[in-house]
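Engineer: Data: work.csv, CSV, C-alpha atoms.
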```csv
chain,number,residue,atom,x,y,z
A,1,ILE,CA,-127.1,70.8,-12.9
A,2,MET,CA,-125.3,73.3,-15.2
A,3,GLY,CA,-123.2,74.8,-12.4
A,4,GLY,CA,-121.9,71.3,-11.4
A,5,GLY,CA,-121.3,70.4,-15.0
A,6,ILE,CA,-119.2,73.6,-15.6
A,7,ALA,CA,-117.2,73.0,-12.4
A,8,ALA,CA,-116.5,69.4,-13.5
A,9,LEU,CA,-115.3,70.6,-16.9
A,10,CYS,CA,-113.0,73.3,-15.4
A,11,ALA,CA,-111.6,70.8,-12.9
A,12,SER,CA,-111.0,68.3,-15.7
A,13,ALA,CA,-109.1,71.0,-17.5
A,14,GLY,CA,-106.8,71.3,-14.5
A,15,ILE,CA,-108.4,74.5,-13.2
A,16,LYS,CA,-108.8,75.1,-9.4
A,17,THR,CA,-112.5,75.6,-9.0
A,18,LEU,CA,-114.8,77.0,-6.2
A,19,LEU,CA,-118.4,75.7,-6.5
A,20,LEU,CA,-121.0,77.6,-4.5
A,21,ASP,CA,-124.8,77.1,-4.1
A,22,ILE,CA,-127.4,78.5,-1.7
A,23,ALA,CA,-127.7,77.2,1.8
A,24,PRO,CA,-130.9,75.2,2.5
A,25,PHE,CA,-133.9,77.3,3.7
A,26,ASP,CA,-135.1,74.6,6.1
A,27,LEU,CA,-132.1,74.4,8.4
A,28,THR,CA,-132.8,73.6,12.0
A,29,ASP,CA,-131.3,75.8,14.8
A,30,ALA,CA,-128.6,73.1,15.3
A,31,GLU,CA,-127.8,73.0,11.6
A,32,LYS,CA,-127.3,76.8,11.2
A,33,ASN,CA,-123.7,76.4,12.5
A,34,ASP,CA,-123.1,73.1,10.8
A,35,LYS,CA,-121.0,73.6,7.6
A,36,LYS,CA,-121.9,70.2,6.3
A,37,ALA,CA,-125.6,70.9,6.6
A,38,LYS,CA,-125.3,74.4,5.0
A,39,ASN,CA,-123.4,72.8,2.1
A,40,ARG,CA,-126.1,70.1,1.6
A,41,ILE,CA,-127.4,71.6,-1.7
A,42,VAL,CA,-124.0,72.1,-3.3
A,43,GLN,CA,-122.8,68.7,-2.2
A,44,ALA,CA,-125.9,67.1,-3.8
A,45,GLY,CA,-125.1,69.0,-7.0
A,46,LEU,CA,-121.5,67.6,-7.0
A,47,ASP,CA,-122.8,64.1,-6.2
A,48,ALA,CA,-125.1,64.3,-9.2
A,49,GLN,CA,-122.1,65.0,-11.4
A,50,LEU,CA,-120.2,62.1,-9.9
A,51,LYS,CA,-123.1,59.8,-10.9
A,52,ALA,CA,-123.7,61.3,-14.3
A,53,LYS,CA,-123.8,59.2,-17.4
A,54,PRO,CA,-122.0,59.8,-19.5
A,55,ALA,CA,-119.3,60.8,-17.0
A,56,ALA,CA,-119.0,64.5,-16.2
A,57,PHE,CA,-115.4,64.1,-15.0
A,58,MET,CA,-112.4,62.9,-17.0
A,59,ASN,CA,-110.6,61.6,-13.9
A,60,LYS,CA,-112.6,61.7,-10.7
A,61,ASN,CA,-109.6,61.0,-8.4
A,62,VAL,CA,-107.6,63.9,-9.8
A,63,ASP,CA,-110.4,66.3,-10.7
A,64,LEU,CA,-112.1,66.3,-7.3
A,65,THR,CA,-109.0,67.5,-5.6
A,66,LEU,CA,-109.3,70.8,-7.5
A,67,ILE,CA,-112.9,71.5,-6.4
A,68,GLU,CA,-113.7,73.3,-3.2
A,69,LEU,CA,-117.4,73.4,-2.1
A,70,GLY,CA,-119.1,76.3,-0.2
A,71,ASN,CA,-122.4,78.2,0.1
A,72,LEU,CA,-123.4,81.7,-0.9
A,73,THR,CA,-123.9,82.7,2.8
A,74,ASP,CA,-120.6,81.8,4.3
A,75,ASP,CA,-118.2,81.7,1.4
A,76,PHE,CA,-119.2,84.5,-1.0
A,77,ASP,CA,-116.1,86.6,-0.1
A,78,LYS,CA,-113.9,83.8,-1.5
A,79,LEU,CA,-115.0,84.9,-5.0
A,80,LYS,CA,-112.6,87.8,-4.6
A,81,ASP,CA,-109.7,85.5,-5.5
A,82,CYS,CA,-111.4,84.1,-8.7
A,83,ASP,CA,-110.2,85.0,-12.2
A,84,ILE,CA,-113.5,83.9,-13.9
A,85,ILE,CA,-116.8,83.7,-12.1
A,86,PHE,CA,-119.7,81.8,-13.7
A,87,GLU,CA,-123.3,82.7,-12.7
A,88,VAL,CA,-125.6,79.7,-13.0
A,89,VAL,CA,-128.6,80.6,-10.8
A,90,VAL,CA,-132.3,80.3,-11.7
A,91,GLU,CA,-133.5,82.1,-14.8
A,92,ASN,CA,-135.0,85.0,-13.0
A,93,LEU,CA,-133.8,88.5,-14.0
A,94,LYS,CA,-134.2,90.1,-10.5
A,95,ILE,CA,-132.3,87.3,-8.8
A,96,LYS,CA,-129.5,87.5,-11.3
A,97,GLN,CA,-129.3,91.3,-11.0
A,98,ASP,CA,-129.1,91.1,-7.2
A,99,LEU,CA,-126.3,88.5,-7.4
A,100,PHE,CA,-124.3,90.7,-9.8
A,101,ALA,CA,-124.7,93.6,-7.5
A,102,ARG,CA,-123.1,91.5,-4.7
A,103,LEU,CA,-120.4,90.2,-7.1
A,104,GLU,CA,-119.4,93.7,-8.2
A,105,LYS,CA,-118.4,94.5,-4.6
A,106,VAL,CA,-116.1,91.5,-4.2
A,107,MET,CA,-114.7,90.9,-7.7
A,108,LYS,CA,-111.0,91.6,-8.1
A,109,PRO,CA,-109.7,94.0,-10.8
A,110,GLY,CA,-109.7,92.2,-14.2
A,111,ALA,CA,-111.9,89.3,-13.1
A,112,ILE,CA,-114.4,88.1,-15.8
A,113,ILE,CA,-118.0,87.6,-14.9
A,114,ALA,CA,-119.9,85.2,-17.1
A,115,SER,CA,-123.6,84.4,-17.0
A,116,ASN,CA,-124.7,81.0,-18.3
A,117,THR,CA,-128.3,82.3,-18.9
A,118,SER,CA,-130.1,80.5,-21.7
A,119,GLY,CA,-131.9,83.5,-22.9
A,120,LEU,CA,-132.1,86.6,-20.6
A,121,PRO,CA,-130.9,89.8,-22.2
A,122,LEU,CA,-127.3,90.8,-21.3
A,123,GLU,CA,-128.1,94.5,-21.2
A,124,LYS,CA,-130.9,93.9,-18.7
A,125,MET,CA,-128.7,91.7,-16.4
A,126,ALA,CA,-126.0,94.5,-16.4
A,127,GLU,CA,-128.4,97.3,-15.5
A,128,GLY,CA,-127.0,99.3,-12.5
A,129,ARG,CA,-123.5,97.9,-12.8
A,130,GLY,CA,-120.4,100.1,-13.2
A,131,LYS,CA,-118.0,100.5,-16.1
A,132,GLU,CA,-115.4,98.0,-14.7
A,133,PHE,CA,-118.1,95.4,-14.3
A,134,LYS,CA,-119.5,95.8,-17.8
A,135,GLU,CA,-116.1,95.7,-19.4
A,136,HIS,CA,-115.6,92.3,-18.0
A,137,PHE,CA,-119.2,91.0,-18.3
A,138,LEU,CA,-120.5,88.6,-21.0
A,139,ILE,CA,-122.6,85.5,-21.5
A,140,LEU,CA,-121.0,82.1,-21.8
A,141,HIS,CA,-123.8,79.7,-22.5
A,142,PHE,CA,-122.8,76.0,-22.2
A,143,PHE,CA,-125.1,73.2,-23.3
A,144,ASN,CA,-126.0,70.1,-21.3
A,145,PRO,CA,-124.1,67.7,-20.8
A,146,VAL,CA,-121.4,70.3,-20.5
A,147,ARG,CA,-118.4,68.0,-21.1
A,148,TYR,CA,-119.8,66.6,-24.3
A,149,MET,CA,-121.7,69.4,-26.0
A,150,LYS,CA,-119.1,71.1,-28.3
A,151,ILE,CA,-120.8,74.5,-28.6
A,152,LEU,CA,-120.1,77.4,-26.3
A,153,GLU,CA,-122.3,80.4,-27.1
A,154,CYS,CA,-120.6,83.7,-26.3
A,155,ILE,CA,-122.5,87.0,-26.2
A,156,ALA,CA,-120.8,90.3,-25.5
A,157,MET,CA,-122.3,93.7,-24.9
A,158,PRO,CA,-120.9,96.9,-26.5
A,159,GLU,CA,-119.0,97.7,-23.2
A,160,THR,CA,-117.3,94.3,-23.0
A,161,SER,CA,-113.6,94.8,-23.7
A,162,LYS,CA,-112.0,93.4,-26.8
A,163,GLU,CA,-109.3,91.9,-24.6
A,164,VAL,CA,-111.9,89.9,-22.6
A,165,CYS,CA,-113.5,88.6,-25.8
A,166,ASP,CA,-110.2,87.6,-27.3
A,167,PHE,CA,-109.2,85.8,-24.2
A,168,ILE,CA,-112.5,83.9,-23.9
A,169,SER,CA,-112.3,82.8,-27.6
A,170,LYS,CA,-108.8,81.4,-27.0
A,171,TRP,CA,-109.5,80.0,-23.5
A,172,GLY,CA,-112.8,78.4,-24.5
A,173,GLU,CA,-111.3,76.6,-27.5
A,174,GLN,CA,-107.8,75.7,-26.2
A,175,THR,CA,-108.4,75.1,-22.5
A,176,LEU,CA,-112.0,73.9,-22.4
A,177,GLY,CA,-112.0,72.3,-25.9
A,178,LYS,CA,-115.2,74.0,-27.0
A,179,GLY,CA,-116.3,75.3,-30.4
A,180,VAL,CA,-116.8,79.0,-29.6
A,181,VAL,CA,-119.7,80.7,-31.4
A,182,TRP,CA,-120.3,84.5,-31.0
A,183,GLY,CA,-123.9,85.5,-31.2
A,184,LYS,CA,-125.9,88.7,-30.6
A,185,ASP,CA,-127.9,89.8,-27.5
A,186,THR,CA,-131.2,88.6,-28.9
A,187,PRO,CA,-133.8,86.5,-27.1
A,188,ASN,CA,-132.5,82.9,-26.6
A,189,PHE,CA,-129.4,83.6,-28.7
A,190,ILE,CA,-128.6,81.0,-31.4
A,191,GLY,CA,-129.0,77.5,-30.1
A,192,ASN,CA,-132.2,77.8,-28.1
A,193,ARG,CA,-133.8,80.2,-30.6
A,194,ILE,CA,-133.5,77.6,-33.4
A,195,GLY,CA,-133.6,74.5,-31.2
A,196,VAL,CA,-136.8,75.4,-29.3
A,197,GLU,CA,-138.5,76.4,-32.5
A,198,LEU,CA,-137.9,72.8,-33.7
A,199,ILE,CA,-139.1,71.3,-30.5
A,200,CYS,CA,-142.2,73.4,-30.3
A,201,GLU,CA,-143.0,72.6,-34.0
A,202,ALA,CA,-142.5,68.9,-33.1
A,203,PHE,CA,-145.0,69.3,-30.2
A,204,LYS,CA,-147.7,70.5,-32.6
A,205,LEU,CA,-147.0,67.8,-35.1
A,206,ILE,CA,-147.3,65.1,-32.4
A,207,ASP,CA,-150.5,66.8,-31.2
A,208,LYS,CA,-151.9,66.4,-34.8
A,209,GLY,CA,-151.0,62.7,-34.7
A,210,MET,CA,-148.6,62.8,-37.6
A,211,ILE,CA,-146.1,60.4,-35.9
A,212,THR,CA,-145.6,58.7,-32.5
A,213,ILE,CA,-143.0,59.9,-30.0
A,214,PRO,CA,-140.8,56.8,-30.3
A,215,GLU,CA,-140.7,56.9,-34.1
A,216,ALA,CA,-139.9,60.6,-34.1
A,217,ASP,CA,-137.0,60.0,-31.7
A,218,GLN,CA,-135.7,57.1,-33.7
A,219,LEU,CA,-135.9,59.2,-36.9
A,220,PHE,CA,-134.3,62.3,-35.4
A,221,GLY,CA,-131.5,60.4,-33.7
A,222,LYS,CA,-128.7,58.8,-35.8
A,223,PRO,CA,-130.3,59.4,-39.2
A,224,MET,CA,-130.1,63.1,-38.5
A,225,GLY,CA,-126.7,63.1,-37.0
A,226,MET,CA,-128.2,63.9,-33.6
A,227,PRO,CA,-127.7,62.2,-30.2
A,228,GLY,CA,-129.9,59.2,-29.3
A,229,THR,CA,-132.0,61.5,-27.1
A,230,ALA,CA,-133.2,63.1,-30.4
A,231,ILE,CA,-136.2,65.4,-29.7
A,232,PHE,CA,-138.4,64.2,-26.9
A,233,GLY,CA,-135.7,62.4,-25.0
A,234,LEU,CA,-133.7,65.6,-25.2
A,235,ALA,CA,-136.6,67.6,-23.8
A,236,ASP,CA,-136.7,65.2,-20.9
A,237,PHE,CA,-133.0,65.5,-20.4
A,238,VAL,CA,-132.9,69.3,-20.5
A,239,GLY,CA,-136.1,69.6,-18.5
A,240,ASN,CA,-139.5,70.2,-20.0
A,241,ASP,CA,-139.9,73.1,-17.5
A,242,THR,CA,-136.9,74.7,-19.2
A,243,ILE,CA,-138.4,74.2,-22.6
A,244,HIS,CA,-141.7,75.7,-21.2
A,245,HIS,CA,-139.8,78.7,-19.9
A,246,ILE,CA,-137.9,79.3,-23.1
A,247,ALA,CA,-141.1,79.0,-25.2
A,248,ASP,CA,-142.9,81.5,-22.9
A,249,ASN,CA,-139.9,83.8,-23.1
A,250,SER,CA,-139.8,83.6,-26.8
A,251,TYR,CA,-143.5,84.3,-27.2
A,252,ASP,CA,-143.4,87.3,-24.9
A,253,LEU,CA,-140.2,88.9,-26.4
A,254,LEU,CA,-140.4,88.0,-30.1
A,255,THR,CA,-143.3,90.1,-31.0
A,256,LYS,CA,-142.2,90.6,-34.6
A,257,ASP,CA,-141.1,87.0,-35.2
A,258,GLU,CA,-143.0,85.4,-38.1
A,259,TYR,CA,-143.0,82.1,-36.3
A,260,ARG,CA,-144.2,83.5,-33.0
A,261,GLU,CA,-147.4,81.4,-32.8
A,262,ILE,CA,-145.2,78.2,-32.8
A,263,TYR,CA,-144.3,79.0,-29.2
A,264,LYS,CA,-147.9,78.6,-28.0
A,265,TYR,CA,-147.6,75.0,-27.0
A,266,PRO,CA,-150.5,72.5,-27.3
A,267,ALA,CA,-152.8,71.6,-24.4
A,268,PHE,CA,-151.1,68.3,-23.7
A,269,PHE,CA,-147.8,70.0,-22.9
A,270,LYS,CA,-149.5,72.5,-20.6
A,271,LYS,CA,-151.0,69.5,-18.8
A,272,MET,CA,-147.6,68.0,-18.5
A,273,MET,CA,-146.4,71.2,-16.8
A,274,ASP,CA,-149.4,71.3,-14.5
A,275,GLU,CA,-148.6,67.7,-13.5
A,276,HIS,CA,-144.8,68.4,-13.1
A,277,LYS,CA,-143.8,66.0,-15.8
A,278,TYR,CA,-140.5,67.8,-16.3
A,279,GLY,CA,-138.5,64.7,-17.5
A,280,ASN,CA,-135.4,63.2,-16.0
A,281,LYS,CA,-135.5,65.5,-13.0
A,282,THR,CA,-138.9,64.3,-11.9
A,283,LYS,CA,-138.4,60.6,-11.9
A,284,ASP,CA,-141.7,59.6,-10.4
A,285,ALA,CA,-143.7,61.8,-12.7
A,286,GLY,CA,-141.5,61.3,-15.8
A,287,GLY,CA,-141.9,63.4,-18.9
A,288,PHE,CA,-142.3,62.2,-22.4
A,289,TYR,CA,-140.8,59.0,-21.1
A,290,LEU,CA,-141.2,57.3,-17.7
A,291,SER,CA,-138.6,54.8,-16.6
A,292,GLY,CA,-138.4,52.8,-13.4
A,293,LYS,CA,-138.6,49.4,-11.8
A,294,THR,CA,-141.6,47.3,-11.0
A,295,PRO,CA,-142.2,46.0,-7.4
A,296,ASP,CA,-140.3,42.8,-8.3
A,297,GLY,CA,-137.3,44.7,-9.6
A,298,LYS,CA,-137.8,44.6,-13.4
A,299,LYS,CA,-136.9,47.7,-15.4
A,300,PHE,CA,-139.6,49.4,-17.5
A,301,LYS,CA,-139.9,52.3,-19.8
A,302,LYS,CA,-143.1,53.9,-20.9
A,303,VAL,CA,-144.0,56.8,-23.3
A,304,LEU,CA,-146.5,59.6,-23.0
A,305,ASP,CA,-149.7,59.3,-24.9
A,306,PRO,CA,-150.5,63.0,-25.8
A,307,LYS,CA,-154.2,62.3,-26.2
A,308,THR,CA,-154.7,61.0,-22.6
A,309,GLY,CA,-151.6,62.5,-20.9
A,310,GLN,CA,-150.9,59.0,-19.5
A,311,HIS,CA,-147.7,56.9,-19.9
A,312,ILE,CA,-148.3,53.7,-21.8
A,313,ASP,CA,-146.2,50.7,-22.7
A,314,PHE,CA,-144.4,50.6,-26.1
A,315,ASP,CA,-142.1,48.3,-27.9
A,316,MET,CA,-138.6,49.6,-27.4
A,317,LYS,CA,-137.4,47.2,-30.1
A,318,ALA,CA,-139.9,48.3,-32.7
A,319,THR,CA,-138.7,49.2,-36.2
A,320,TYR,CA,-140.1,51.8,-38.5
A,321,PRO,CA,-140.0,51.8,-42.3
A,322,SER,CA,-138.9,55.4,-42.5
A,323,VAL,CA,-136.0,54.7,-40.1
A,324,GLU,CA,-135.0,51.4,-41.7
A,325,ALA,CA,-134.8,53.0,-45.1
A,326,THR,CA,-132.1,55.4,-43.9
A,327,LYS,CA,-129.8,52.5,-43.0
A,328,GLU,CA,-129.1,51.8,-46.6
A,329,PHE,CA,-127.1,55.0,-46.8
A,330,LYS,CA,-123.7,55.8,-45.3
A,331,THR,CA,-123.5,59.5,-44.8
A,332,THR,CA,-125.6,61.7,-42.6
A,333,GLY,CA,-126.5,63.8,-45.6
A,334,GLU,CA,-127.8,60.8,-47.5
A,335,LYS,CA,-129.8,59.6,-44.5
A,336,MET,CA,-131.4,63.0,-44.0
A,337,LYS,CA,-132.3,63.2,-47.7
A,338,CYS,CA,-133.9,59.8,-47.5
A,339,ALA,CA,-135.9,60.7,-44.4
A,340,PHE,CA,-137.0,64.0,-46.0
A,341,LYS,CA,-138.2,62.2,-49.1
A,342,ASN,CA,-140.1,59.4,-47.4
A,343,ASN,CA,-141.5,60.8,-44.1
A,344,GLU,CA,-143.9,63.7,-43.7
A,345,PHE,CA,-142.9,64.5,-40.2
A,346,ALA,CA,-139.2,64.7,-41.1
A,347,ARG,CA,-140.0,66.8,-44.2
A,348,THR,CA,-142.3,69.2,-42.3
A,349,LEU,CA,-139.9,69.6,-39.3
A,350,LEU,CA,-136.7,70.0,-41.3
A,351,SER,CA,-138.3,72.5,-43.7
A,352,SER,CA,-139.6,74.6,-40.9
A,353,MET,CA,-136.3,74.6,-39.1
A,354,CYS,CA,-134.2,75.5,-42.2
A,355,VAL,CA,-136.5,78.3,-43.3
A,356,TYR,CA,-136.6,79.7,-39.7
A,357,SER,CA,-132.8,79.5,-39.4
A,358,ALA,CA,-132.3,81.2,-42.7
A,359,ASN,CA,-134.6,84.0,-41.7
A,360,ARG,CA,-132.7,84.7,-38.5
A,361,ILE,CA,-129.6,85.9,-40.5
A,362,PRO,CA,-128.3,88.5,-39.7
A,363,GLU,CA,-130.6,88.9,-36.7
A,364,ILE,CA,-128.9,86.5,-34.3
A,365,CYS,CA,-125.4,86.0,-35.5
```
Could you render the structure from this file as structure tokens?
Structural biologist:
Amino acid sequence: IMGGGIAALCASAGIKTLLLDIAPFDLTDAEKNDKKAKNRIVQAGLDAQLKAKPAAFMNKNVDLTLIELGNLTDDFDKLKDCDIIFEVVVENLKIKQDLFARLEKVMKPGAIIASNTSGLPLEKMAEGRGKEFKEHFLILHFFNPVRYMKILECIAMPETSKEVCDFISKWGEQTLGKGVVWGKDTPNFIGNRIGVELICEAFKLIDKGMITIPEADQLFGKPMGMPGTAIFGLADFVGNDTIHHIADNSYDLLTKDEYREIYKYPAFFKKMMDEHKYGNKTKDAGGFYLSGKTPDGKKFKKVLDPKTGQHIDFDMKATYPSVEATKEFKTTGEKMKCAFKNNEFARTLLSSMCVYSANRIPEIC
């Protein structure tokens, strides 16, 4: 998902882009010499970006002419001609280290290698690499959807050259249109460190029955200046398996974090993972929400009941007093103040996030 999104963004910025993915493991003997078959996974990734809502490309007809597809078996050597190489493989340290070892052999002098990891340590990923590689290696962490999320987290290591950092700051802002934020090489960096704390706190409050999922999402959407996906819709969009991974990673690595226990998610969320309710990527199983069509073609949307683990009907047009009260105010600040004053869930969650964020300075940025 992220690799295709980054490729779409670069192409939309007028940059010639090579998009590679693994070749399928289940190729038949006849397909092993079939380029189209071997590019099946990367093609599916690009197709997903073409269907994405909101649109991943600015101008499909023009942008697509700048993207070349390939696979990591046949086309890896083509990376020798690339100025910037983004790594967007699975969040597994060994897999990333092996890929960087291969990249080091083909990268041209001066090429920048950027990992889009959401939380793995930069120093660990660079273990075993040479001086030239480390001088041109950093983390560029985009958020999903890539085109629309303004923030670009950048993490450099002590060996990363100043020239590379200066170039990335300028390129990220002027060419890609991002708001570049430099963080430190700490677990989950800035956005995920704070954001997943908020999400995990919300899981616990939902588990206590403090608020329903639909009301929580209405309250933490527009009234808080957040996208309509809010909290639980965002978890479904990003992938609950990703949230699960980041939470586990946080608990394992943040041994001195005063909020460490917040990352031990409640039983209902573990059950969701056991049942592969990852969100938008598992359409039949759903996540916090389940959308689809009935046999007669009517659309439906259900919400998870944390007590039973089942999806149940809910009134999508329902209104909530705590949300309605915020509509009397114009600015986001005024709306947030209203929600904080009148809703226990909002008050608890915002307080937790603000205290946690303040305590992370100067640890993470």
Engineer: List every protein, DNA or RNA residue that has an atom no more than 12 Å from (-143.9, 45.7, -25.5) in the file's coordinate frame, counting only C-alpha atoms, and report them as number ranges by chain.
Structural biologist: A: 300-303, 312-318
Engineer: With C-alpha atoms retained, could you export that selection as a PDB file, in the coordinates of the input?
Structural biologist:
```
ATOM      1  CA  PHE A 300    -139.600  49.400 -17.500  1.00  0.00           C
ATOM      2  CA  LYS A 301    -139.900  52.300 -19.800  1.00  0.00           C
ATOM      3  CA  LYS A 302    -143.100  53.900 -20.900  1.00  0.00           C
ATOM      4  CA  VAL A 303    -144.000  56.800 -23.300  1.00  0.00           C
ATOM      5  CA  ILE A 312    -148.300  53.700 -21.800  1.00  0.00           C
ATOM      6  CA  ASP A 313    -146.200  50.700 -22.700  1.00  0.00           C
ATOM      7  CA  PHE A 314    -144.400  50.600 -26.100  1.00  0.00           C
ATOM      8  CA  ASP A 315    -142.100  48.300 -27.900  1.00  0.00           C
ATOM      9  CA  MET A 316    -138.600  49.600 -27.400  1.00  0.00           C
ATOM     10  CA  LYS A 317    -137.400  47.200 -30.100  1.00  0.00           C
ATOM     11  CA  ALA A 318    -139.900  48.300 -32.700  1.00  0.00           C
TER      12      ALA A 318
END
```
Engineer: Provide the CA of Ile151 in chain A to CA of Lys80 in chain A distance in Å, to one decimal place.
Structural biologist: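 Distance between the two atoms: 28.6 Å.
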Engineer: Measure the distance from CA of Asp29 in chain A to CA of Gly70 in chain A in Å and round it to one decimal.
Structural biologist: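 Result for CA of Asp29 in chain A versus CA of Gly70 in chain A: 19.3 Å, one decimal.
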Engineer: Pick from A:Ala101, A:Cys354, A:Gly333, A:Lys298: nearest to Glu197 in chain A, with only C-alpha atoms counted?
Structural biologist: A:Cys354
Engineer: So that I can check the surroundings of Phe137 in chain A, please list as a PDB file with C-alpha atoms, keeping the file's coordinate frame every protein, DNA and RNA residue that reaches within 12 Å of it, counting all atoms listed in the file and ignoring chain neighbours fewer than 4 positions away.
Structural biologist:
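What ended up in selection_25.pdb:
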```
ATOM      1  CA  ILE A  84    -113.500  83.900 -13.900  1.00  0.00           C
ATOM      2  CA  ILE A  85    -116.800  83.700 -12.100  1.00  0.00           C
ATOM      3  CA  PHE A  86    -119.700  81.800 -13.700  1.00  0.00           C
ATOM      4  CA  GLU A  87    -123.300  82.700 -12.700  1.00  0.00           C
ATOM      5  CA  PHE A 100    -124.300  90.700  -9.800  1.00  0.00           C
ATOM      6  CA  LEU A 103    -120.400  90.200  -7.100  1.00  0.00           C
ATOM      7  CA  GLU A 104    -119.400  93.700  -8.200  1.00  0.00           C
ATOM      8  CA  MET A 107    -114.700  90.900  -7.700  1.00  0.00           C
ATOM      9  CA  GLY A 110    -109.700  92.200 -14.200  1.00  0.00           C
ATOM     10  CA  ALA A 111    -111.900  89.300 -13.100  1.00  0.00           C
ATOM     11  CA  ILE A 112    -114.400  88.100 -15.800  1.00  0.00           C
ATOM     12  CA  ILE A 113    -118.000  87.600 -14.900  1.00  0.00           C
ATOM     13  CA  ALA A 114    -119.900  85.200 -17.100  1.00  0.00           C
ATOM     14  CA  SER A 115    -123.600  84.400 -17.000  1.00  0.00           C
ATOM     15  CA  ASN A 116    -124.700  81.000 -18.300  1.00  0.00           C
ATOM     16  CA  LEU A 122    -127.300  90.800 -21.300  1.00  0.00           C
ATOM     17  CA  GLU A 123    -128.100  94.500 -21.200  1.00  0.00           C
ATOM     18  CA  MET A 125    -128.700  91.700 -16.400  1.00  0.00           C
ATOM     19  CA  ALA A 126    -126.000  94.500 -16.400  1.00  0.00           C
ATOM     20  CA  GLU A 127    -128.400  97.300 -15.500  1.00  0.00           C
ATOM     21  CA  ARG A 129    -123.500  97.900 -12.800  1.00  0.00           C
ATOM     22  CA  GLY A 130    -120.400 100.100 -13.200  1.00  0.00           C
ATOM     23  CA  LYS A 131    -118.000 100.500 -16.100  1.00  0.00           C
ATOM     24  CA  GLU A 132    -115.400  98.000 -14.700  1.00  0.00           C
ATOM     25  CA  PHE A 133    -118.100  95.400 -14.300  1.00  0.00           C
ATOM     26  CA  CYS A 154    -120.600  83.700 -26.300  1.00  0.00           C
ATOM     27  CA  ILE A 155    -122.500  87.000 -26.200  1.00  0.00           C
ATOM     28  CA  ALA A 156    -120.800  90.300 -25.500  1.00  0.00           C
ATOM     29  CA  MET A 157    -122.300  93.700 -24.900  1.00  0.00           C
ATOM     30  CA  PRO A 158    -120.900  96.900 -26.500  1.00  0.00           C
ATOM     31  CA  GLU A 159    -119.000  97.700 -23.200  1.00  0.00           C
ATOM     32  CA  THR A 160    -117.300  94.300 -23.000  1.00  0.00           C
ATOM     33  CA  SER A 161    -113.600  94.800 -23.700  1.00  0.00           C
ATOM     34  CA  LYS A 162    -112.000  93.400 -26.800  1.00  0.00           C
ATOM     35  CA  GLU A 163    -109.300  91.900 -24.600  1.00  0.00           C
ATOM     36  CA  VAL A 164    -111.900  89.900 -22.600  1.00  0.00           C
ATOM     37  CA  CYS A 165    -113.500  88.600 -25.800  1.00  0.00           C
ATOM     38  CA  ILE A 168    -112.500  83.900 -23.900  1.00  0.00           C
TER      39      ILE A 168
END
```
Engineer: Provide the CA of Ile22 in chain A to CA of Ile41 in chain A distance in Å, to one decimal place.
Structural biologist: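 Distance between the two atoms: 6.9 Å.
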